[in-house]
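A.B. asks: Got a structure for you, questions after.
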Number of protein chains: 2
Amino acid sequence: MALATPPGVSALGVIRLSGNDAIAIVDQLFPSKNLEVQPSHSMHVGMIKDGDNILDETVVSIFKNPRSYTGEDLVEISGHGSPYILQQIIDACIKKGARMAKPGEFTQRAFLNGKMDLVEAEAVADLIASNTSISQKAALHNIRGGFSNQLKELRERLIRFSALIELELDFSQEDVEFADRKQLYQLVDEADAVTASLIDSFRLGNVIKNGISAAIIGKPNAGKSTLLNGLLNEERAIVSELPGTTRDTIEEVINIGGIQFRLIDTAGIRRHTTDVIESAGVKRSLEKMKQADLVLYVFDINTIGEDELLEIEKDFSNEQIKYLLVANKIDIEGEEKSKEKLSKFSNLIFVSAISLQHINDLKEKMIETVLQGKVQTESTIVTNARHFEALRALHAALLDVRKGLTDKLPGDLLSLDIRRCLHFLGEITGEITNEDQLDYIFSKFCIGK
Amino acid sequence: MALATPPGVSALGVIRLSGNDAIAIVDQLFPSKNLEVQPSHSMHVGMIKDGDNILDETVVSIFKNPRSYTGEDLVEISGHGSPYILQQIIDACIKKGARMAKPGEFTQRAFLNGKMDLVEAEAVADLIASNTSISQKAALHNIRGGFSNQLKELRERLIRFSALIELELDFSQEDVEFADRKQLYQLVDEADAVTASLIDSFRLGNVIKNGISAAIIGKPNAGKSTLLNGLLNEERAIVSELPGTTRDTIEEVINIGGIQFRLIDTAGIRRHTTDVIESAGVKRSLEKMKQADLVLYVFDINTIGEDELLEIEKDFSNEQIKYLLVANKIDIEGEEKSKEKLSKFSNLIFVSAISLQHINDLKEKMIETVLQGKVQTESTIVTNARHFEALRALHAALLDVRKGLTDKLPGDLLSLDIRRCLHFLGEITGEITNEDQLDYIFSKFCIGK
């Protein structure tokens with residue numbers, strides 16, 4: 001049992017109970033009707049009473065095993081949104097034998113009861129955390145089977161080969177080949193292509209899940225604040241400070257093409273940064289910038305020297321920082337003339353923050369620079385670091401199988417490599433799990449989900 | 001339409017729509033089933049889609065007119081608790097013709113559609129805000145008819161008399177009396193008794209709704225912090241600071257007998273207060289203390305002088321402050337000896353904060369002092385200031401009717417006074433309302449209720 005809605009005073013709050021006794025427990029608190037004889041997917045208005053004590057007027061929804069989220073009998077009590085009253089209802093349920101659910105326990109039970117595989121279960125948490133259209137789409141895709149269907153199919157086909165090869169071992173004296181090596185080679189190729197593309201998608205997936213932090217740096221009067229406002233597309237105060245007075249940076253969050261960018265204004269680190277840039281390059285501020293996924297170095301095209309820019313570029317490259325050089329204020333001398341000035345820089349874009357010229361181009365270039373290419377949101381995207389790690393291990397195991405095939409390894413050795421592939425495939429979708437791992441996965445969920 | 005659950009990331013969030021088009025609007029976003037043909041109190045699992053765009057996997061509940069909270073068709077969409085996704089569902093509903101509900105609009109509609117009277121509707125907000133067993137009980141009592149049933153019955157009986165008296169006016173030439181003056185007198189007495197007791201209950205009702213603020217003051221080392229801890233009944237840090245660094249007082253909230261006390265520790269105002277008490281009495285801190293419903297003046301029984309205490313008592317009385325003198329540290333010389341010292345004070349209680357002696361007696365006395373008597377929670381309690389004002393006006397009007405009867409006023413004048421009674425009665429339960437008043441009442445509700 002758990003409160004499934006956020007804490008706080010509101011119109012309503014929902015308490016969820018799942019398990020064999022869920023209906024019987026709520027029934028004891030709900031005197032106006034016998035809930036135990038009600039059909040699945042039915043709703044019942046009535047008082048929740050603890051003995052003679054009326055606690056609340058509620059709507060109780062009943063979902064019966066197996067037609068529920070968890071696959072068990074599940075009851076939802078929708079009461080008035082008073083934290084005090086909801087707590088009293090929870091306490092009354094505990095008195096009747098319920099216990100508080102662990103974070104994600106409802107989804108964990110759904111997984112254990114076969115209502116969803118592990119990728120689908122993990123996507124539930126991603127969906128709840130989603131805050132852009134792409135993260136929402138990726139999570140919904142995975143909730144509904146997504147790439148786990150693909151992996152499951154590969155796994156089944158590999159299992160068949162594995163069985164055949166192991167059968168060969170039983171007849172090892174006779175030198176038979178039940179498993180067609182050519183077909184297996186094809187399957188491995190296919191699996192490898194899928195795996196490689198999924199691994200590749202994690203670059204985007206990670207960004208979808210965690211967003212991109214972009215630091216805007218530059219000298220005073222280069223137009224950093226104007227650029228920030230231009231990117232935010234709003235005529236409002238430059239900064240909206242995050243809570244806490246000890247922070248020395250200020251963040252604004254925007255969505256660019258469905259990806260969340262945290263723009264870090266360096267107003268707070270100006271003291272450390274820009275003076276240094278003026279004198280001896282960006283070295284001292286590099287540590288700060290290295291924490292960002294992307295650095296926008298803003299400068300005034302009308303006052304910059306080419307040598308100065310070359311040095312800055314060298315610094316960024318040396319430190320392996322992803323960066324964009326933003327040549328600002330092209331409105332002053334015009335776009336043509338500005339472009340003539342700096343022709344030999346590749347990671348450079350010409351803008352006018354004040355007149356919003358090429359701000360959208362800048363946005364596109366920001367995504368390209370981080371993702372090293374255009375965003376492909378049509379195909380399946382891996383957003384989960386656990387899946388990514390397992391896919392990399394799978395990829396290595398597939399390479400071993402392929403090498404074994406090329407080297408004509410004996411069946412018993414080949415079989416071991418195939419089993420490794422099966423293991424990592426099963427780990428992703430949850431056919432192979434251990435309790436600790438599950439507990440860890442679900443511990444990151446919301447209470448009540 | 002409105003989000004009915006608190007904002008925030010959680011397992012689930014519920015969006016509510018009410019009105020003739022509610023089902024049709026959601027139906028357009030719910031392709032897997034025709035929601036318009038589904039029965040009342042049914043639930044449906046499916047995707048919410050905006051065109052081809054899947055927004056969420058949801059459970060949609062349908063309540064049909066008149067079997068719903070509002071008395072209209074009502075739909076609840078229970079989705080994943082991602083604020084981003086819930087907002088998208090809301091946006092999609094708006095595209096299909098829904099609009100955002102005003103605070104309390106669902107309950108306002110329930111009232112306008114005759115599902116509840118005004119007292120019952122107002123009790124819904126009280127229930128949501130309730131944070132003690134007494135406030136919960138009072139709100140639930142009123143949600144289920146409570147004193148409005150009593151008032152409605154009185155109103156109907158008064159209406160009958162009013163009609164008879166007005167009938168007399170039609171026959172005014174003939175000097176007939178259709179309305180038995182003696183029975184009317186009895187009814188007025190009865191109504192007056194009910195009204196007086198309801199008015200009286202507001203002293204408690206107000207305290208139930210708003211709690212009691214109690215300031216703990218006294219010299220350094222009188223044992224204020226120990227007393228605060230004793231009242232809190234917990235061995236923990238003396239203070240839990242409220243957010244904000246500019247506050248100069250610190251509050252702890254406890255329930256005593258179901259009533260919420262906000263204990264104001266004067267640690268923060270010590271600089272202004274206690275020095276002054278030491279020198280020239282409590283005058284300078286009186287302004288601060290006057291804001292509290294109750295002042296606990298704590299002193300060390302072993303070092304206090306009777307004259308000093310008399311002066312403090314005089315100050316409190318002059319300023320009409322409700323106070324308790326708390327003679328602390330009776331453990332040092334023993335209860336008997338301590339009591340002998342100060343025998344002539346009435347608002348005084350002997351305690352030992354450190355050994356928790358008589359702390360429960362102090363709690364009882366705190367309630368008694370504020371409420372001027374024991375708490376009666378069995379009878380109906382008026383917690384609403386609007387009801388209180390109308391009841392006072394009703395009381396005055398009833399006195400006028402009674403006086404008119406005693407003075408044998410002519411029927412037309414008597415009728416006017418009875419009509420005033422009817423007006424105030426109707427104002428409480430909502431038979432007589434105006435739109436501004438309703439808007440004001442419901443504007444204080446939650447969004448989504």
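Ordered as shown in the structure tokens, chains take letters A, B, and onward, while each chain numbers its residues from 1 and ligands are numbered from 1 in the order shown.
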At a cut-off of 12 Å, using only C-alpha atoms, what residues contact Asp361 in chain B? Leave out same-chain residues fewer than 3 positions from it and give the result as a list of chain:residue names.

C.D. replies: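 Non-adjacent residues within range: B:Leu231, B:Ile256, B:Gly257, B:Val326, B:Leu348, B:Ile349, B:Phe350, B:Val351, B:Ser352, B:Ala353, B:Leu356, B:Gln357, B:His358, B:Glu364, B:Lys365, B:Met366, B:Ile367, B:Glu368.
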
A.B. asks: Any idea what's packed within 7 Å of Gly411 in chain A, counting only C-alpha atoms, ignoring anything in its chain fewer than 2 positions away? Could you give it as a PDB file with C-alpha atoms, in the first residue's frame?

C.D. replies:
ATOM      1  CA  ILE A 165      25.017 -26.838 -30.952  1.00  0.00           C
ATOM      2  CA  LEU A 169      28.087 -32.132 -28.319  1.00  0.00           C
ATOM      3  CA  LEU A 409      35.965 -23.111 -33.080  1.00  0.00           C
ATOM      4  CA  LEU A 413      33.566 -23.236 -27.070  1.00  0.00           C
ATOM      5  CA  LEU A 414      31.122 -21.603 -29.473  1.00  0.00           C
ATOM      6  CA  SER A 415      28.318 -22.591 -27.176  1.00  0.00           C
TER       7      SER A 415
END

A.B. asks: Could you write out as number ranges by chain the residues of chain A within 9 Å of chain B, counting only C-alpha atoms?

C.D. replies: A: 3-14, 41-44, 53-57, 61, 80-85, 104, 124-125, 127-133, 136-137, 140, 445-449

A.B. asks: Can I get the selected residues back with N, CA and C atoms, as a tab-separated table (two decimals), in the first residue's frame?

C.D. replies:
chain	number	residue	atom	x	y	z
A	3	LEU	N	0.62	5.85	-0.91
A	3	LEU	CA	0.00	7.01	-1.53
A	3	LEU	C	0.59	7.15	-2.92
A	4	ALA	N	-0.29	7.20	-3.93
A	4	ALA	CA	0.21	7.21	-5.31
A	4	ALA	C	0.28	8.62	-5.88
A	5	THR	N	-0.31	9.58	-5.19
A	5	THR	CA	-0.31	10.97	-5.66
A	5	THR	C	0.70	11.77	-4.84
A	6	PRO	N	1.12	12.92	-5.36
A	6	PRO	CA	2.13	13.68	-4.62
A	6	PRO	C	1.60	14.15	-3.27
A	7	PRO	N	2.48	14.32	-2.30
A	7	PRO	CA	2.03	14.87	-1.02
A	7	PRO	C	1.57	16.31	-1.22
A	8	GLY	N	0.66	16.76	-0.39
A	8	GLY	CA	0.20	18.14	-0.50
A	8	GLY	C	-1.30	18.23	-0.47
A	9	VAL	N	-1.80	19.40	-0.14
A	9	VAL	CA	-3.25	19.65	-0.08
A	9	VAL	C	-3.77	19.82	-1.50
A	10	SER	N	-4.81	19.08	-1.85
A	10	SER	CA	-5.34	19.17	-3.21
A	10	SER	C	-6.75	18.63	-3.23
A	11	ALA	N	-7.36	18.59	-4.41
A	11	ALA	CA	-8.73	18.11	-4.53
A	11	ALA	C	-8.82	16.65	-4.11
A	12	LEU	N	-7.91	15.84	-4.62
A	12	LEU	CA	-7.98	14.43	-4.23
A	12	LEU	C	-6.62	13.77	-4.14
A	13	GLY	N	-6.59	12.69	-3.39
A	13	GLY	CA	-5.39	11.88	-3.23
A	13	GLY	C	-5.77	10.43	-3.39
A	14	VAL	N	-4.86	9.63	-3.94
A	14	VAL	CA	-5.17	8.23	-4.22
A	14	VAL	C	-4.22	7.31	-3.45
A	41	HIS	N	-12.77	-3.64	-12.30
A	41	HIS	CA	-12.98	-2.36	-12.97
A	41	HIS	C	-14.30	-1.71	-12.55
A	42	SER	N	-14.65	-1.87	-11.27
A	42	SER	CA	-15.87	-1.20	-10.79
A	42	SER	C	-15.49	-0.17	-9.74
A	43	MET	N	-16.34	0.87	-9.61
A	43	MET	CA	-16.08	1.95	-8.66
A	43	MET	C	-17.23	2.07	-7.67
A	44	HIS	N	-16.89	2.43	-6.44
A	44	HIS	CA	-17.88	2.43	-5.38
A	44	HIS	C	-17.70	3.66	-4.49
A	53	ASN	N	-15.53	5.47	13.62
A	53	ASN	CA	-14.95	6.74	13.23
A	53	ASN	C	-14.97	6.93	11.72
A	54	ILE	N	-15.73	7.90	11.23
A	54	ILE	CA	-15.71	8.16	9.79
A	54	ILE	C	-14.41	8.89	9.45
A	55	LEU	N	-13.69	8.38	8.46
A	55	LEU	CA	-12.43	9.02	8.08
A	55	LEU	C	-12.60	9.91	6.86
A	56	ASP	N	-13.37	9.44	5.87
A	56	ASP	CA	-13.51	10.22	4.65
A	56	ASP	C	-14.61	9.62	3.79
A	57	GLU	N	-15.11	10.47	2.88
A	57	GLU	CA	-16.03	9.99	1.85
A	57	GLU	C	-15.17	9.76	0.61
A	61	SER	N	-11.93	2.06	-6.20
A	61	SER	CA	-11.89	1.35	-7.48
A	61	SER	C	-11.27	-0.02	-7.28
A	80	HIS	N	-10.41	12.70	-0.25
A	80	HIS	CA	-10.15	14.13	-0.29
A	80	HIS	C	-8.65	14.37	-0.08
A	81	GLY	N	-8.12	15.38	-0.75
A	81	GLY	CA	-6.68	15.61	-0.76
A	81	GLY	C	-6.13	16.29	0.48
A	82	SER	N	-6.53	15.79	1.65
A	82	SER	CA	-5.96	16.29	2.91
A	82	SER	C	-4.89	15.32	3.38
A	83	PRO	N	-3.64	15.75	3.46
A	83	PRO	CA	-2.58	14.84	3.91
A	83	PRO	C	-2.91	14.18	5.24
A	84	TYR	N	-3.57	14.92	6.13
A	84	TYR	CA	-3.93	14.38	7.43
A	84	TYR	C	-4.89	13.20	7.27
A	85	ILE	N	-5.92	13.41	6.45
A	85	ILE	CA	-6.93	12.36	6.28
A	85	ILE	C	-6.36	11.16	5.53
A	104	GLY	N	8.48	1.70	-6.07
A	104	GLY	CA	8.43	0.85	-7.26
A	104	GLY	C	7.90	-0.55	-7.04
A	124	VAL	N	8.49	2.66	-17.23
A	124	VAL	CA	7.45	3.33	-16.42
A	124	VAL	C	8.08	4.47	-15.63
A	125	ALA	N	9.23	4.18	-15.01
A	125	ALA	CA	9.91	5.24	-14.25
A	125	ALA	C	10.37	6.36	-15.18
A	127	LEU	N	8.96	7.23	-17.94
A	127	LEU	CA	7.80	7.99	-18.39
A	127	LEU	C	7.40	9.02	-17.33
A	128	ILE	N	7.42	8.58	-16.08
A	128	ILE	CA	7.05	9.50	-15.01
A	128	ILE	C	8.04	10.66	-14.92
A	129	ALA	N	9.29	10.36	-15.20
A	129	ALA	CA	10.32	11.41	-15.11
A	129	ALA	C	10.40	12.24	-16.38
A	130	SER	N	9.66	11.84	-17.42
A	130	SER	CA	9.86	12.51	-18.71
A	130	SER	C	9.39	13.95	-18.66
A	131	ASN	N	10.16	14.80	-19.30
A	131	ASN	CA	9.81	16.22	-19.30
A	131	ASN	C	9.99	16.88	-20.65
A	132	THR	N	10.18	16.07	-21.69
A	132	THR	CA	10.19	16.61	-23.05
A	132	THR	C	9.45	15.61	-23.91
A	133	SER	N	9.08	16.06	-25.13
A	133	SER	CA	8.31	15.17	-26.01
A	133	SER	C	9.15	13.95	-26.39
A	136	GLN	N	9.36	11.52	-23.47
A	136	GLN	CA	8.04	10.90	-23.34
A	136	GLN	C	7.85	9.81	-24.40
A	137	LYS	N	8.22	10.15	-25.64
A	137	LYS	CA	8.04	9.22	-26.74
A	137	LYS	C	8.90	7.96	-26.54
A	140	LEU	N	7.36	5.85	-23.73
A	140	LEU	CA	6.12	5.19	-24.15
A	140	LEU	C	6.43	4.05	-25.12
A	445	PHE	N	12.40	4.06	-8.21
A	445	PHE	CA	11.05	4.45	-8.60
A	445	PHE	C	10.42	5.36	-7.56
A	446	CYS	N	9.28	5.96	-7.94
A	446	CYS	CA	8.44	6.68	-6.99
A	446	CYS	C	7.83	5.69	-6.01
A	447	ILE	N	7.53	6.17	-4.83
A	447	ILE	CA	6.62	5.45	-3.94
A	447	ILE	C	5.25	5.41	-4.62
A	448	GLY	N	4.59	4.28	-4.53
A	448	GLY	CA	3.21	4.21	-5.04
A	448	GLY	C	3.12	3.78	-6.49
A	449	LYS	N	4.29	3.56	-7.14
A	449	LYS	CA	4.25	3.13	-8.54
A	449	LYS	C	4.71	1.70	-8.62

A.B. asks: Within 9 Å of range 196-205 of chain B, counting only C-alpha atoms, which residues qualify if same-chain residues fewer than 2 places away don't, as a list in words?

C.D. replies: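 Listing them by chain and then by number gives Ser135, Ala138, Phe147, Ala191, Asp192, Ala193, Val194, Val207, Ile208, Lys209, Asn210, Val370, Leu371, Val375, Gln376, Thr377, Ser379, Thr380, Ile381, Val382, Thr383, Asn384, Ala385, His387, Phe388, Glu389, Leu391, Arg392 and His395 of chain B.
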
A.B. asks: What would the file look like if the residues just selected were written as a CSV table (one decimal), in the first residue's frame with N, CA, C and O atoms?

C.D. replies:
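Saved file again29.csv follows:
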chain,number,residue,atom,x,y,z
B,135,SER,N,-11.1,18.8,13.5
B,135,SER,CA,-11.5,19.6,12.3
B,135,SER,C,-12.0,18.6,11.2
B,135,SER,O,-12.9,18.9,10.5
B,138,ALA,N,-15.6,17.7,12.3
B,138,ALA,CA,-16.5,18.8,12.1
B,138,ALA,C,-16.9,18.9,10.6
B,138,ALA,O,-18.0,19.1,10.3
B,147,PHE,N,-25.4,20.9,10.5
B,147,PHE,CA,-26.4,21.8,11.1
B,147,PHE,C,-27.3,22.4,10.0
B,147,PHE,O,-28.3,23.0,10.3
B,191,ALA,N,-35.7,28.4,17.7
B,191,ALA,CA,-34.7,28.9,16.7
B,191,ALA,C,-33.6,29.7,17.4
B,191,ALA,O,-32.4,29.5,17.1
B,192,ASP,N,-34.0,30.5,18.4
B,192,ASP,CA,-33.0,31.3,19.1
B,192,ASP,C,-32.0,30.4,19.9
B,192,ASP,O,-30.8,30.6,19.9
B,193,ALA,N,-32.6,29.3,20.5
B,193,ALA,CA,-31.7,28.4,21.3
B,193,ALA,C,-30.7,27.7,20.3
B,193,ALA,O,-29.5,27.7,20.6
B,194,VAL,N,-31.2,27.3,19.2
B,194,VAL,CA,-30.3,26.6,18.2
B,194,VAL,C,-29.2,27.6,17.8
B,194,VAL,O,-28.0,27.3,17.8
B,207,VAL,N,-11.2,28.1,16.5
B,207,VAL,CA,-10.0,27.5,17.0
B,207,VAL,C,-9.6,26.2,16.2
B,207,VAL,O,-8.5,25.9,15.9
B,208,ILE,N,-10.7,25.4,16.0
B,208,ILE,CA,-10.5,24.2,15.2
B,208,ILE,C,-9.9,24.5,13.8
B,208,ILE,O,-9.0,23.8,13.3
B,209,LYS,N,-10.5,25.5,13.2
B,209,LYS,CA,-10.1,25.9,11.9
B,209,LYS,C,-8.7,26.5,11.8
B,209,LYS,O,-7.9,26.2,10.9
B,210,ASN,N,-8.5,27.4,12.7
B,210,ASN,CA,-7.3,28.2,12.6
B,210,ASN,C,-6.2,27.9,13.6
B,210,ASN,O,-5.1,28.4,13.5
B,370,VAL,N,-8.2,29.2,26.6
B,370,VAL,CA,-8.6,29.8,25.4
B,370,VAL,C,-10.1,29.7,25.1
B,370,VAL,O,-10.7,30.6,24.6
B,371,LEU,N,-10.6,28.5,25.4
B,371,LEU,CA,-12.0,28.3,25.0
B,371,LEU,C,-13.0,28.6,26.1
B,371,LEU,O,-14.2,28.5,26.0
B,375,VAL,N,-13.9,21.4,26.0
B,375,VAL,CA,-14.2,21.2,24.6
B,375,VAL,C,-15.4,20.2,24.5
B,375,VAL,O,-15.4,19.1,25.0
B,376,GLN,N,-16.4,20.7,23.8
B,376,GLN,CA,-17.6,19.8,23.5
B,376,GLN,C,-17.6,19.5,22.0
B,376,GLN,O,-17.9,20.3,21.2
B,377,THR,N,-17.1,18.3,21.7
B,377,THR,CA,-17.0,18.0,20.2
B,377,THR,C,-18.2,17.2,19.8
B,377,THR,O,-18.3,16.8,18.6
B,379,SER,N,-21.5,18.0,19.9
B,379,SER,CA,-22.6,18.7,19.2
B,379,SER,C,-22.0,19.4,17.9
B,379,SER,O,-20.8,19.3,17.6
B,380,THR,N,-22.9,20.0,17.1
B,380,THR,CA,-22.5,20.6,15.9
B,380,THR,C,-21.6,21.8,16.2
B,380,THR,O,-21.8,22.6,17.1
B,381,ILE,N,-20.6,22.0,15.4
B,381,ILE,CA,-19.7,23.1,15.6
B,381,ILE,C,-19.6,23.9,14.3
B,381,ILE,O,-19.4,23.4,13.2
B,382,VAL,N,-19.8,25.2,14.5
B,382,VAL,CA,-19.7,26.2,13.4
B,382,VAL,C,-18.2,26.6,13.3
B,382,VAL,O,-17.6,27.1,14.2
B,383,THR,N,-17.6,26.3,12.1
B,383,THR,CA,-16.2,26.6,12.0
B,383,THR,C,-16.0,27.7,10.9
B,383,THR,O,-14.8,28.1,10.7
B,384,ASN,N,-17.1,28.1,10.3
B,384,ASN,CA,-17.0,29.0,9.2
B,384,ASN,C,-17.4,30.4,9.6
B,384,ASN,O,-18.5,30.7,10.1
B,385,ALA,N,-16.5,31.4,9.3
B,385,ALA,CA,-16.7,32.8,9.7
B,385,ALA,C,-18.0,33.4,9.0
B,385,ALA,O,-18.7,34.2,9.6
B,387,HIS,N,-20.7,31.7,8.2
B,387,HIS,CA,-21.8,31.2,8.9
B,387,HIS,C,-22.0,31.9,10.2
B,387,HIS,O,-23.1,32.3,10.6
B,388,PHE,N,-20.9,32.2,10.9
B,388,PHE,CA,-20.9,32.8,12.2
B,388,PHE,C,-21.6,34.2,12.0
B,388,PHE,O,-22.5,34.6,12.8
B,389,GLU,N,-21.1,35.0,11.0
B,389,GLU,CA,-21.7,36.3,10.8
B,389,GLU,C,-23.2,36.2,10.5
B,389,GLU,O,-24.0,37.0,11.1
B,391,LEU,N,-25.2,33.9,11.4
B,391,LEU,CA,-25.9,33.4,12.6
B,391,LEU,C,-26.1,34.6,13.5
B,391,LEU,O,-27.2,34.7,14.2
B,392,ARG,N,-25.1,35.4,13.6
B,392,ARG,CA,-25.3,36.6,14.5
B,392,ARG,C,-26.4,37.5,14.0
B,392,ARG,O,-27.2,38.0,14.8
B,395,HIS,N,-29.6,35.9,14.7
B,395,HIS,CA,-29.9,36.0,16.2
B,395,HIS,C,-30.6,37.3,16.5
B,395,HIS,O,-31.6,37.4,17.1
